[in-house]
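One file, upload12.txt, carrying compact mmCIF, N, CA and C atoms:
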```
# COMPACT_ATOMS: atom_id res chain seq x y z
N MET A 1 114.29 91.72 129.94
CA MET A 1 115.00 91.40 128.71
C MET A 1 116.49 91.69 128.84
N ASN A 2 116.87 92.53 129.75
CA ASN A 2 118.26 92.89 129.95
C ASN A 2 118.88 91.92 130.96
N THR A 3 119.30 90.74 130.46
CA THR A 3 119.80 89.71 131.35
C THR A 3 121.32 89.65 131.41
N GLN A 4 122.00 90.35 130.52
CA GLN A 4 123.45 90.32 130.53
C GLN A 4 123.98 91.12 131.71
N THR A 5 125.22 90.84 132.06
CA THR A 5 125.86 91.58 133.13
C THR A 5 126.00 93.03 132.71
N PRO A 6 125.41 93.94 133.46
CA PRO A 6 125.51 95.35 133.10
C PRO A 6 126.95 95.84 133.13
N SER A 7 127.31 96.61 132.12
CA SER A 7 128.66 97.14 132.11
C SER A 7 128.79 98.44 131.32
N LEU A 8 127.74 98.84 130.64
CA LEU A 8 127.82 100.03 129.80
C LEU A 8 127.14 101.22 130.47
N THR A 9 127.73 102.39 130.29
CA THR A 9 127.10 103.61 130.79
C THR A 9 126.01 104.04 129.82
N ILE A 10 125.15 104.93 130.26
CA ILE A 10 124.08 105.43 129.40
C ILE A 10 124.66 106.15 128.18
N GLY A 11 125.77 106.85 128.37
CA GLY A 11 126.41 107.54 127.25
C GLY A 11 126.95 106.58 126.21
N ALA A 12 127.54 105.48 126.67
CA ALA A 12 128.08 104.47 125.75
C ALA A 12 126.95 103.81 124.96
N VAL A 13 125.86 103.51 125.64
CA VAL A 13 124.71 102.89 124.96
C VAL A 13 124.13 103.86 123.93
N ALA A 14 123.95 105.11 124.34
CA ALA A 14 123.40 106.11 123.44
C ALA A 14 124.26 106.26 122.18
N LYS A 15 125.56 106.29 122.36
CA LYS A 15 126.48 106.43 121.23
C LYS A 15 126.41 105.22 120.30
N ARG A 16 126.38 104.02 120.87
CA ARG A 16 126.35 102.81 120.04
C ARG A 16 125.06 102.67 119.24
N VAL A 17 123.97 103.17 119.80
CA VAL A 17 122.67 103.03 119.13
C VAL A 17 122.36 104.25 118.26
N GLY A 18 122.95 105.38 118.59
CA GLY A 18 122.69 106.60 117.83
C GLY A 18 121.45 107.33 118.29
N VAL A 19 121.20 107.30 119.60
CA VAL A 19 120.08 108.04 120.18
C VAL A 19 120.61 108.94 121.29
N ALA A 20 119.79 109.88 121.70
CA ALA A 20 120.19 110.78 122.77
C ALA A 20 120.02 110.10 124.14
N ILE A 21 120.80 110.53 125.09
CA ILE A 21 120.69 110.01 126.46
C ILE A 21 119.28 110.24 126.99
N ASP A 22 118.73 111.41 126.72
CA ASP A 22 117.37 111.71 127.18
C ASP A 22 116.34 110.75 126.57
N THR A 23 116.60 110.28 125.37
CA THR A 23 115.70 109.32 124.73
C THR A 23 115.68 108.02 125.51
N ILE A 24 116.84 107.57 125.96
CA ILE A 24 116.92 106.34 126.75
C ILE A 24 116.16 106.52 128.05
N ARG A 25 116.36 107.63 128.72
CA ARG A 25 115.65 107.90 129.97
C ARG A 25 114.14 107.94 129.73
N TYR A 26 113.74 108.55 128.63
CA TYR A 26 112.31 108.64 128.30
C TYR A 26 111.73 107.24 128.09
N TYR A 27 112.42 106.39 127.35
CA TYR A 27 111.93 105.03 127.12
C TYR A 27 111.85 104.25 128.42
N GLU A 28 112.75 104.52 129.34
CA GLU A 28 112.67 103.87 130.66
C GLU A 28 111.42 104.33 131.39
N ARG A 29 111.17 105.64 131.38
CA ARG A 29 109.96 106.16 132.06
C ARG A 29 108.68 105.62 131.43
N GLU A 30 108.70 105.43 130.11
CA GLU A 30 107.53 104.94 129.39
C GLU A 30 107.37 103.42 129.49
N GLY A 31 108.34 102.75 130.09
CA GLY A 31 108.25 101.30 130.25
C GLY A 31 108.66 100.50 129.04
N LEU A 32 109.30 101.14 128.06
CA LEU A 32 109.79 100.41 126.89
C LEU A 32 111.10 99.71 127.20
N LEU A 33 111.83 100.24 128.14
CA LEU A 33 113.08 99.64 128.60
C LEU A 33 112.95 99.37 130.09
N PRO A 34 113.54 98.28 130.56
CA PRO A 34 113.48 98.02 132.00
C PRO A 34 114.36 99.01 132.76
N GLU A 35 114.04 99.20 134.00
CA GLU A 35 114.86 100.06 134.86
C GLU A 35 116.26 99.45 134.94
N PRO A 36 117.29 100.22 134.65
CA PRO A 36 118.65 99.65 134.66
C PRO A 36 119.16 99.45 136.09
N GLN A 37 120.15 98.59 136.19
CA GLN A 37 120.83 98.44 137.47
C GLN A 37 121.64 99.71 137.72
N ARG A 38 121.97 99.93 138.96
CA ARG A 38 122.76 101.11 139.31
C ARG A 38 124.10 100.67 139.86
N ARG A 39 125.10 101.42 139.52
CA ARG A 39 126.43 101.19 140.08
C ARG A 39 126.46 101.77 141.50
N ALA A 40 127.50 101.48 142.22
CA ALA A 40 127.65 102.01 143.57
C ALA A 40 127.63 103.54 143.56
N SER A 41 128.07 104.11 142.47
CA SER A 41 128.10 105.57 142.32
C SER A 41 126.71 106.14 142.02
N GLY A 42 125.75 105.27 141.72
CA GLY A 42 124.40 105.71 141.39
C GLY A 42 124.15 105.83 139.89
N TYR A 43 125.21 105.70 139.10
CA TYR A 43 125.04 105.79 137.65
C TYR A 43 124.35 104.54 137.12
N ARG A 44 123.58 104.73 136.05
CA ARG A 44 122.93 103.61 135.39
C ARG A 44 123.98 102.70 134.77
N SER A 45 123.65 101.40 134.75
CA SER A 45 124.55 100.42 134.16
C SER A 45 123.73 99.49 133.28
N TYR A 46 124.12 99.38 132.02
CA TYR A 46 123.34 98.64 131.02
C TYR A 46 124.12 97.45 130.48
N GLY A 47 123.39 96.43 130.07
CA GLY A 47 123.96 95.30 129.37
C GLY A 47 123.76 95.46 127.88
N VAL A 48 124.37 94.58 127.11
CA VAL A 48 124.26 94.68 125.65
C VAL A 48 122.84 94.41 125.17
N GLY A 49 122.02 93.74 125.97
CA GLY A 49 120.62 93.52 125.60
C GLY A 49 119.86 94.81 125.43
N THR A 50 120.25 95.83 126.16
CA THR A 50 119.60 97.14 126.04
C THR A 50 119.85 97.73 124.65
N ILE A 51 121.02 97.49 124.11
CA ILE A 51 121.35 97.98 122.78
C ILE A 51 120.40 97.36 121.76
N ALA A 52 120.18 96.06 121.87
CA ALA A 52 119.26 95.37 120.95
C ALA A 52 117.85 95.92 121.08
N GLN A 53 117.39 96.15 122.30
CA GLN A 53 116.06 96.70 122.52
C GLN A 53 115.93 98.10 121.93
N LEU A 54 116.92 98.92 122.14
CA LEU A 54 116.89 100.28 121.61
C LEU A 54 116.88 100.28 120.08
N ARG A 55 117.65 99.39 119.47
CA ARG A 55 117.64 99.29 118.01
C ARG A 55 116.28 98.84 117.51
N PHE A 56 115.66 97.91 118.22
CA PHE A 56 114.31 97.45 117.90
C PHE A 56 113.35 98.64 117.93
N ILE A 57 113.40 99.40 119.01
CA ILE A 57 112.51 100.56 119.18
C ILE A 57 112.75 101.59 118.08
N ARG A 58 114.02 101.88 117.82
CA ARG A 58 114.35 102.88 116.79
C ARG A 58 113.86 102.44 115.41
N ARG A 59 114.07 101.18 115.07
CA ARG A 59 113.63 100.68 113.76
C ARG A 59 112.11 100.68 113.66
N ALA A 60 111.44 100.31 114.74
CA ALA A 60 109.98 100.31 114.74
C ALA A 60 109.45 101.73 114.56
N LYS A 61 110.08 102.70 115.20
CA LYS A 61 109.68 104.10 115.04
C LYS A 61 109.89 104.54 113.59
N GLU A 62 110.99 104.12 112.98
CA GLU A 62 111.26 104.48 111.60
C GLU A 62 110.20 103.92 110.66
N LEU A 63 109.58 102.80 111.04
CA LEU A 63 108.52 102.19 110.24
C LEU A 63 107.15 102.80 110.56
N GLY A 64 107.13 103.76 111.47
CA GLY A 64 105.90 104.48 111.75
C GLY A 64 105.09 103.98 112.93
N PHE A 65 105.62 103.03 113.68
CA PHE A 65 104.89 102.53 114.84
C PHE A 65 104.91 103.56 115.96
N THR A 66 103.80 103.66 116.68
CA THR A 66 103.73 104.54 117.85
C THR A 66 104.42 103.85 119.03
N LEU A 67 104.67 104.61 120.08
CA LEU A 67 105.30 104.01 121.27
C LEU A 67 104.42 102.93 121.87
N GLU A 68 103.11 103.14 121.87
CA GLU A 68 102.20 102.12 122.40
C GLU A 68 102.27 100.85 121.55
N GLU A 69 102.31 101.02 120.24
CA GLU A 69 102.42 99.86 119.35
C GLU A 69 103.77 99.16 119.55
N ILE A 70 104.81 99.92 119.76
CA ILE A 70 106.14 99.33 120.01
C ILE A 70 106.12 98.55 121.32
N ARG A 71 105.46 99.09 122.32
CA ARG A 71 105.33 98.38 123.60
C ARG A 71 104.66 97.02 123.37
N GLU A 72 103.61 97.00 122.56
CA GLU A 72 102.92 95.76 122.24
C GLU A 72 103.83 94.81 121.47
N LEU A 73 104.57 95.35 120.50
CA LEU A 73 105.48 94.50 119.71
C LEU A 73 106.56 93.88 120.60
N LEU A 74 107.07 94.65 121.53
CA LEU A 74 108.08 94.12 122.44
C LEU A 74 107.50 92.97 123.27
N ALA A 75 106.27 93.15 123.75
CA ALA A 75 105.62 92.09 124.53
C ALA A 75 105.36 90.87 123.65
N LEU A 76 104.90 91.10 122.43
CA LEU A 76 104.61 89.99 121.53
C LEU A 76 105.86 89.24 121.09
N SER A 77 107.00 89.92 121.08
CA SER A 77 108.23 89.26 120.65
C SER A 77 108.63 88.13 121.59
N ALA A 78 108.10 88.15 122.80
CA ALA A 78 108.39 87.08 123.76
C ALA A 78 107.25 86.06 123.84
N ASP A 79 106.17 86.29 123.10
CA ASP A 79 104.99 85.41 123.15
C ASP A 79 105.16 84.29 122.13
N ARG A 80 105.48 83.10 122.60
CA ARG A 80 105.72 81.96 121.71
C ARG A 80 104.43 81.43 121.06
N GLN A 81 103.27 81.68 121.67
CA GLN A 81 102.02 81.13 121.17
C GLN A 81 101.42 81.97 120.04
N ARG A 82 101.26 83.25 120.26
CA ARG A 82 100.57 84.09 119.29
C ARG A 82 101.41 85.26 118.79
N GLY A 83 102.67 85.29 119.17
CA GLY A 83 103.51 86.44 118.87
C GLY A 83 103.61 86.81 117.41
N VAL A 84 103.99 85.87 116.56
CA VAL A 84 104.23 86.20 115.15
C VAL A 84 102.94 86.61 114.45
N LYS A 85 101.85 85.89 114.71
CA LYS A 85 100.57 86.23 114.09
C LYS A 85 100.12 87.63 114.52
N ALA A 86 100.22 87.91 115.79
CA ALA A 86 99.81 89.22 116.30
C ALA A 86 100.73 90.33 115.79
N VAL A 87 102.01 90.05 115.67
CA VAL A 87 102.95 91.04 115.14
C VAL A 87 102.57 91.37 113.70
N LYS A 88 102.27 90.33 112.92
CA LYS A 88 101.88 90.56 111.52
C LYS A 88 100.61 91.41 111.46
N GLN A 89 99.63 91.12 112.33
CA GLN A 89 98.39 91.90 112.35
C GLN A 89 98.67 93.37 112.66
N ARG A 90 99.57 93.61 113.62
CA ARG A 90 99.91 94.99 113.97
C ARG A 90 100.60 95.68 112.78
N ALA A 91 101.48 94.96 112.11
CA ALA A 91 102.19 95.53 110.97
C ALA A 91 101.23 95.81 109.81
N GLU A 92 100.27 94.92 109.59
CA GLU A 92 99.28 95.15 108.54
C GLU A 92 98.44 96.39 108.85
N LYS A 93 98.08 96.55 110.11
CA LYS A 93 97.31 97.72 110.53
C LYS A 93 98.12 99.00 110.32
N ARG A 94 99.41 98.97 110.68
CA ARG A 94 100.28 100.13 110.50
C ARG A 94 100.43 100.44 109.02
N LEU A 95 100.59 99.41 108.18
CA LEU A 95 100.72 99.60 106.74
C LEU A 95 99.47 100.25 106.16
N ALA A 96 98.30 99.82 106.59
CA ALA A 96 97.05 100.41 106.10
C ALA A 96 96.98 101.89 106.49
N ALA A 97 97.39 102.22 107.71
CA ALA A 97 97.37 103.61 108.16
C ALA A 97 98.34 104.46 107.34
N ILE A 98 99.50 103.90 107.03
CA ILE A 98 100.49 104.61 106.22
C ILE A 98 99.96 104.84 104.80
N GLU A 99 99.33 103.81 104.24
CA GLU A 99 98.77 103.95 102.89
C GLU A 99 97.67 105.01 102.87
N GLN A 100 96.85 105.08 103.91
CA GLN A 100 95.81 106.09 104.01
C GLN A 100 96.44 107.48 104.10
N ARG A 101 97.49 107.60 104.88
CA ARG A 101 98.17 108.89 105.04
C ARG A 101 98.81 109.33 103.71
N ILE A 102 99.37 108.38 102.98
CA ILE A 102 99.96 108.69 101.67
C ILE A 102 98.88 109.21 100.73
N ALA A 103 97.72 108.57 100.73
CA ALA A 103 96.62 109.02 99.87
C ALA A 103 96.19 110.44 100.25
N GLU A 104 96.11 110.72 101.55
CA GLU A 104 95.76 112.07 102.00
C GLU A 104 96.81 113.08 101.54
N LEU A 105 98.08 112.73 101.69
CA LEU A 105 99.15 113.64 101.27
C LEU A 105 99.14 113.86 99.76
N GLN A 106 98.80 112.83 99.00
CA GLN A 106 98.72 113.00 97.55
C GLN A 106 97.60 113.96 97.18
N ARG A 107 96.46 113.89 97.89
CA ARG A 107 95.37 114.83 97.64
C ARG A 107 95.81 116.26 97.98
N VAL A 108 96.52 116.41 99.08
CA VAL A 108 97.01 117.73 99.47
C VAL A 108 98.00 118.25 98.43
N ARG A 109 98.91 117.38 98.00
CA ARG A 109 99.89 117.76 96.98
C ARG A 109 99.20 118.20 95.70
N ASP A 110 98.21 117.43 95.27
CA ASP A 110 97.51 117.77 94.03
C ASP A 110 96.80 119.12 94.14
N GLY A 111 96.16 119.36 95.29
CA GLY A 111 95.48 120.63 95.50
C GLY A 111 96.45 121.80 95.51
N LEU A 112 97.57 121.62 96.19
CA LEU A 112 98.57 122.68 96.25
C LEU A 112 99.21 122.90 94.88
N ALA A 113 99.46 121.83 94.15
CA ALA A 113 100.04 121.96 92.82
C ALA A 113 99.11 122.75 91.89
N GLU A 114 97.81 122.50 92.02
CA GLU A 114 96.82 123.23 91.22
C GLU A 114 96.84 124.72 91.56
N LEU A 115 96.94 125.03 92.85
CA LEU A 115 97.00 126.44 93.27
C LEU A 115 98.28 127.10 92.77
N VAL A 116 99.40 126.41 92.90
CA VAL A 116 100.68 126.97 92.45
C VAL A 116 100.65 127.21 90.95
N ALA A 117 100.09 126.28 90.20
CA ALA A 117 100.02 126.43 88.75
C ALA A 117 99.12 127.60 88.34
N SER A 118 98.09 127.87 89.13
CA SER A 118 97.16 128.94 88.78
C SER A 118 97.63 130.32 89.22
N CYS A 119 98.69 130.39 90.01
CA CYS A 119 99.18 131.67 90.51
C CYS A 119 100.24 132.22 89.56
N PRO A 120 100.06 133.45 89.10
CA PRO A 120 101.05 134.02 88.18
C PRO A 120 102.35 134.43 88.88
N GLY A 121 102.31 134.59 90.20
CA GLY A 121 103.52 134.97 90.92
C GLY A 121 103.77 136.46 90.95
N HIS A 122 102.81 137.24 90.47
CA HIS A 122 102.93 138.70 90.50
C HIS A 122 101.54 139.30 90.55
N GLY A 123 101.46 140.57 90.82
CA GLY A 123 100.18 141.26 90.86
C GLY A 123 99.74 141.53 92.28
N ALA A 124 98.51 141.98 92.41
CA ALA A 124 97.96 142.36 93.70
C ALA A 124 97.64 141.12 94.53
N PRO A 125 97.91 141.18 95.83
CA PRO A 125 97.64 140.03 96.70
C PRO A 125 96.19 139.57 96.66
N GLU A 126 95.25 140.50 96.50
CA GLU A 126 93.84 140.10 96.50
C GLU A 126 93.47 139.27 95.26
N HIS A 127 94.34 139.24 94.27
CA HIS A 127 94.09 138.44 93.06
C HIS A 127 94.88 137.13 93.07
N CYS A 128 95.61 136.90 94.12
CA CYS A 128 96.42 135.67 94.21
C CYS A 128 95.50 134.48 94.52
N PRO A 129 95.48 133.48 93.67
CA PRO A 129 94.61 132.33 93.91
C PRO A 129 94.99 131.53 95.16
N ILE A 130 96.25 131.54 95.50
CA ILE A 130 96.68 130.82 96.70
C ILE A 130 96.13 131.51 97.94
N LEU A 131 96.31 132.83 98.02
CA LEU A 131 95.80 133.59 99.17
C LEU A 131 94.27 133.52 99.24
N ARG A 132 93.61 133.58 98.08
CA ARG A 132 92.14 133.49 98.07
C ARG A 132 91.69 132.12 98.58
N ALA A 133 92.36 131.06 98.16
CA ALA A 133 91.99 129.70 98.59
C ALA A 133 92.21 129.54 100.10
N LEU A 134 93.28 130.12 100.61
CA LEU A 134 93.55 130.01 102.05
C LEU A 134 92.56 130.83 102.86
N GLY A 135 92.03 131.89 102.29
CA GLY A 135 91.11 132.74 103.00
C GLY A 135 89.66 132.31 102.90
N ASN A 136 89.33 131.42 101.96
CA ASN A 136 87.96 130.95 101.81
C ASN A 136 87.57 130.01 102.94
N GLU A 137 86.28 130.02 103.26
CA GLU A 137 85.77 129.11 104.30
C GLU A 137 85.72 127.68 103.82
N GLU A 138 85.40 127.48 102.54
CA GLU A 138 85.34 126.13 102.00
C GLU A 138 86.70 125.76 101.44
N VAL A 139 87.11 124.54 101.74
CA VAL A 139 88.39 124.05 101.26
C VAL A 139 88.14 123.22 100.01
N LYS A 140 88.83 123.54 98.94
CA LYS A 140 88.69 122.82 97.69
C LYS A 140 89.67 121.64 97.68
N GLU A 141 89.15 120.44 97.40
CA GLU A 141 90.02 119.25 97.34
C GLU A 141 90.07 118.70 95.94
```
Have the structure of the file written as structure tokens, please.
Amino acid sequence: MNTQTPSLTIGAVAKRVGVAIDTIRYYEREGLLPEPQRRASGYRSYGVGTIAQLRFIRRAKELGFTLEEIRELLALSADRQRGVKAVKQRAEKRLAAIEQRIAELQRVRDGLAELVASCPGHGAPEHCPILRALGNEEVKE
């Protein structure tokens, strides 16, 4: 995907995208970014296409996609036959997982709110409903 003439250092790319240099190296090791060309000095040399790829990866992570899912999305972005349909399917799957996680967090919030409301905030620790709930074997939902 990096077809432009390489001209940017890893530091310049990191600064333009707003990621750490180590993040770029990690994505290269994970196969999310192609191995960059090297200058005569041995330093990595990147084209502007790398910036677009990194922004894609960063935005996908912000939407909750895993690195494996991002790898699939990158591959599908070049698939003219089934790319868009498959991308939508992946996004729908991610959305369902996020909605499930939100429901779980709401249950946790409600349980914690109930414990906080029942705690007077003073007295002996053995009478604290929060500490008692944390110490019980059964978890109340």
Requested in this report: List every residue of stretch 4-75 of chain A that DSSP, applied to the backbone of this structure, places in helix (DSSP H, G or I), and write the result as an NGL selection string.
Outcome: :A and (10-17 or 21-29 or 48-62 or 67-75)
**Report entry** Point-to-point distance from atom CA of A:Ala86 to atom CA of A:Glu35, Å rounded to tenths
**Finding:**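 Between atom CA of A:Ala86 and atom CA of A:Glu35 the gap is 26.2 Å.
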Query raised in the report: For the atom pair atom C of A:Pro129 and atom CA of A:Arg107, what is the interatomic distance in Å to one decimal place?
Result: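 Result for atom C of A:Pro129 versus atom CA of A:Arg107: 16.9 Å, one decimal.
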Would you tabulate, counting all atoms listed in the file, all residues of stretch 44-126 of chain A that have an atom at most 8 Å from an atom of stretch 11-26 of chain A, showing the closest pair of atoms and their distance in Å to one decimal, sorted by chain then ascending number, as a Markdown table?
```
| residue | atom | partner | partner_atom | distance |
| --- | --- | --- | --- | --- |
| A:Arg44 | C | A:Gly11 | N | 7.8 |
| A:Tyr46 | CA | A:Val13 | CA | 7.5 |
| A:Thr50 | C | A:Val13 | CA | 7.1 |
| A:Ile51 | CA | A:Val13 | CA | 6.3 |
| A:Ala52 | N | A:Val17 | CA | 7.9 |
| A:Leu54 | C | A:Val17 | CA | 6.5 |
| A:Arg55 | N | A:Val17 | CA | 6.2 |
```
Report task. Please measure the separation of atom N of A:Ile130 and atom N of A:Glu104, giving the value in Å to one decimal. Result ->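 Distance between the two atoms: 21.7 Å.
Nearest to A:Arg94 of all the residues A:His127, A:Leu73, A:Val108, A:Arg80 is A:Leu73, counting only C-alpha atoms.
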Query raised in the report: In stretch 25-81 of chain A, what's strand (DSSP E or B) per DSSP? Answer as a PyMOL selection string?
Result: chain A and resi 37-38+44-46
Take every atom of stretch 26-41 of chain A listed in the file, pad by 5 Å on each side, and give me the axis-aligned box centre and edge lengths in Å, one decimal, as JSON.
```
{"center_x": 117.7, "center_y": 103.3, "center_z": 135.2, "size_x": 30.7, "size_y": 20.6, "size_z": 26.7}
```
Since the input lacks some atoms of stretch 60-70 of chain A, please model all heavy atoms and print them as a PDB file, in the coordinates of the input.
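Output contents, as saved in out21.pdb:
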```
ATOM      1  N   ALA A  60     111.440 100.310 114.740  1.00  0.00           N
ATOM      2  CA  ALA A  60     109.980 100.310 114.740  1.00  0.00           C
ATOM      3  C   ALA A  60     109.450 101.730 114.560  1.00  0.00           C
ATOM      4  O   ALA A  60     108.484 101.956 113.816  1.00  0.00           O
ATOM      5  CB  ALA A  60     109.448  99.685 116.030  1.00  0.00           C
ATOM      6  N   LYS A  61     110.080 102.700 115.200  1.00  0.00           N
ATOM      7  CA  LYS A  61     109.680 104.100 115.040  1.00  0.00           C
ATOM      8  C   LYS A  61     109.890 104.540 113.590  1.00  0.00           C
ATOM      9  O   LYS A  61     109.059 105.254 113.030  1.00  0.00           O
ATOM     10  CB  LYS A  61     110.453 105.004 115.993  1.00  0.00           C
ATOM     11  CG  LYS A  61     109.924 104.978 117.417  1.00  0.00           C
ATOM     12  CD  LYS A  61     110.623 105.961 118.314  1.00  0.00           C
ATOM     13  CE  LYS A  61     110.484 107.392 117.930  1.00  0.00           C
ATOM     14  NZ  LYS A  61     109.164 107.978 117.930  1.00  0.00           N
ATOM     15  N   GLU A  62     110.990 104.120 112.980  1.00  0.00           N
ATOM     16  CA  GLU A  62     111.260 104.480 111.600  1.00  0.00           C
ATOM     17  C   GLU A  62     110.200 103.920 110.660  1.00  0.00           C
ATOM     18  O   GLU A  62     109.931 104.494 109.609  1.00  0.00           O
ATOM     19  CB  GLU A  62     112.651 103.980 111.179  1.00  0.00           C
ATOM     20  CG  GLU A  62     113.788 104.748 111.821  1.00  0.00           C
ATOM     21  CD  GLU A  62     115.157 104.097 111.608  1.00  0.00           C
ATOM     22  OE1 GLU A  62     115.238 102.995 111.012  1.00  0.00           O
ATOM     23  OE2 GLU A  62     116.154 104.691 112.063  1.00  0.00           O
ATOM     24  N   LEU A  63     109.580 102.800 111.040  1.00  0.00           N
ATOM     25  CA  LEU A  63     108.520 102.190 110.240  1.00  0.00           C
ATOM     26  C   LEU A  63     107.150 102.800 110.560  1.00  0.00           C
ATOM     27  O   LEU A  63     106.146 102.384 109.999  1.00  0.00           O
ATOM     28  CB  LEU A  63     108.488 100.676 110.455  1.00  0.00           C
ATOM     29  CG  LEU A  63     109.675  99.919 109.869  1.00  0.00           C
ATOM     30  CD1 LEU A  63     109.627  98.455 110.279  1.00  0.00           C
ATOM     31  CD2 LEU A  63     109.694 100.045 108.344  1.00  0.00           C
ATOM     32  N   GLY A  64     107.130 103.760 111.470  1.00  0.00           N
ATOM     33  CA  GLY A  64     105.900 104.480 111.750  1.00  0.00           C
ATOM     34  C   GLY A  64     105.090 103.980 112.930  1.00  0.00           C
ATOM     35  O   GLY A  64     103.984 104.453 113.172  1.00  0.00           O
ATOM     36  N   PHE A  65     105.620 103.030 113.680  1.00  0.00           N
ATOM     37  CA  PHE A  65     104.890 102.530 114.840  1.00  0.00           C
ATOM     38  C   PHE A  65     104.910 103.560 115.960  1.00  0.00           C
ATOM     39  O   PHE A  65     105.907 104.243 116.171  1.00  0.00           O
ATOM     40  CB  PHE A  65     105.494 101.209 115.342  1.00  0.00           C
ATOM     41  CG  PHE A  65     105.215 100.034 114.445  1.00  0.00           C
ATOM     42  CD1 PHE A  65     106.161  99.601 113.534  1.00  0.00           C
ATOM     43  CD2 PHE A  65     104.000  99.352 114.513  1.00  0.00           C
ATOM     44  CE1 PHE A  65     105.908  98.525 112.698  1.00  0.00           C
ATOM     45  CE2 PHE A  65     103.748  98.268 113.688  1.00  0.00           C
ATOM     46  CZ  PHE A  65     104.698  97.853 112.770  1.00  0.00           C
ATOM     47  N   THR A  66     103.800 103.660 116.680  1.00  0.00           N
ATOM     48  CA  THR A  66     103.730 104.540 117.850  1.00  0.00           C
ATOM     49  C   THR A  66     104.420 103.850 119.030  1.00  0.00           C
ATOM     50  O   THR A  66     104.680 102.646 118.993  1.00  0.00           O
ATOM     51  CB  THR A  66     102.270 104.824 118.233  1.00  0.00           C
ATOM     52  OG1 THR A  66     101.663 103.597 118.677  1.00  0.00           O
ATOM     53  CG2 THR A  66     101.488 105.422 117.068  1.00  0.00           C
ATOM     54  N   LEU A  67     104.670 104.610 120.080  1.00  0.00           N
ATOM     55  CA  LEU A  67     105.300 104.010 121.270  1.00  0.00           C
ATOM     56  C   LEU A  67     104.420 102.930 121.870  1.00  0.00           C
ATOM     57  O   LEU A  67     104.913 101.897 122.327  1.00  0.00           O
ATOM     58  CB  LEU A  67     105.647 105.078 122.302  1.00  0.00           C
ATOM     59  CG  LEU A  67     106.756 106.044 121.907  1.00  0.00           C
ATOM     60  CD1 LEU A  67     107.047 107.015 123.053  1.00  0.00           C
ATOM     61  CD2 LEU A  67     108.026 105.326 121.493  1.00  0.00           C
ATOM     62  N   GLU A  68     103.110 103.140 121.870  1.00  0.00           N
ATOM     63  CA  GLU A  68     102.200 102.120 122.400  1.00  0.00           C
ATOM     64  C   GLU A  68     102.270 100.850 121.550  1.00  0.00           C
ATOM     65  O   GLU A  68     102.290  99.735 122.079  1.00  0.00           O
ATOM     66  CB  GLU A  68     100.760 102.650 122.449  1.00  0.00           C
ATOM     67  CG  GLU A  68      99.787 101.676 123.075  1.00  0.00           C
ATOM     68  CD  GLU A  68     100.159 101.245 124.490  1.00  0.00           C
ATOM     69  OE1 GLU A  68     100.657 102.077 125.272  1.00  0.00           O
ATOM     70  OE2 GLU A  68      99.965 100.055 124.816  1.00  0.00           O
ATOM     71  N   GLU A  69     102.310 101.020 120.240  1.00  0.00           N
ATOM     72  CA  GLU A  69     102.420  99.860 119.350  1.00  0.00           C
ATOM     73  C   GLU A  69     103.770  99.160 119.550  1.00  0.00           C
ATOM     74  O   GLU A  69     103.841  97.919 119.529  1.00  0.00           O
ATOM     75  CB  GLU A  69     102.259 100.288 117.896  1.00  0.00           C
ATOM     76  CG  GLU A  69     100.845 100.718 117.553  1.00  0.00           C
ATOM     77  CD  GLU A  69     100.735 101.422 116.216  1.00  0.00           C
ATOM     78  OE1 GLU A  69     101.722 102.054 115.765  1.00  0.00           O
ATOM     79  OE2 GLU A  69      99.654 101.365 115.617  1.00  0.00           O
ATOM     80  N   ILE A  70     104.810  99.920 119.760  1.00  0.00           N
ATOM     81  CA  ILE A  70     106.140  99.330 120.010  1.00  0.00           C
ATOM     82  C   ILE A  70     106.120  98.550 121.320  1.00  0.00           C
ATOM     83  O   ILE A  70     106.687  97.454 121.398  1.00  0.00           O
ATOM     84  CB  ILE A  70     107.235 100.419 120.007  1.00  0.00           C
ATOM     85  CG1 ILE A  70     107.359 101.019 118.602  1.00  0.00           C
ATOM     86  CG2 ILE A  70     108.566  99.851 120.485  1.00  0.00           C
ATOM     87  CD1 ILE A  70     108.216 102.264 118.524  1.00  0.00           C
TER      88      ILE A  70
END
```
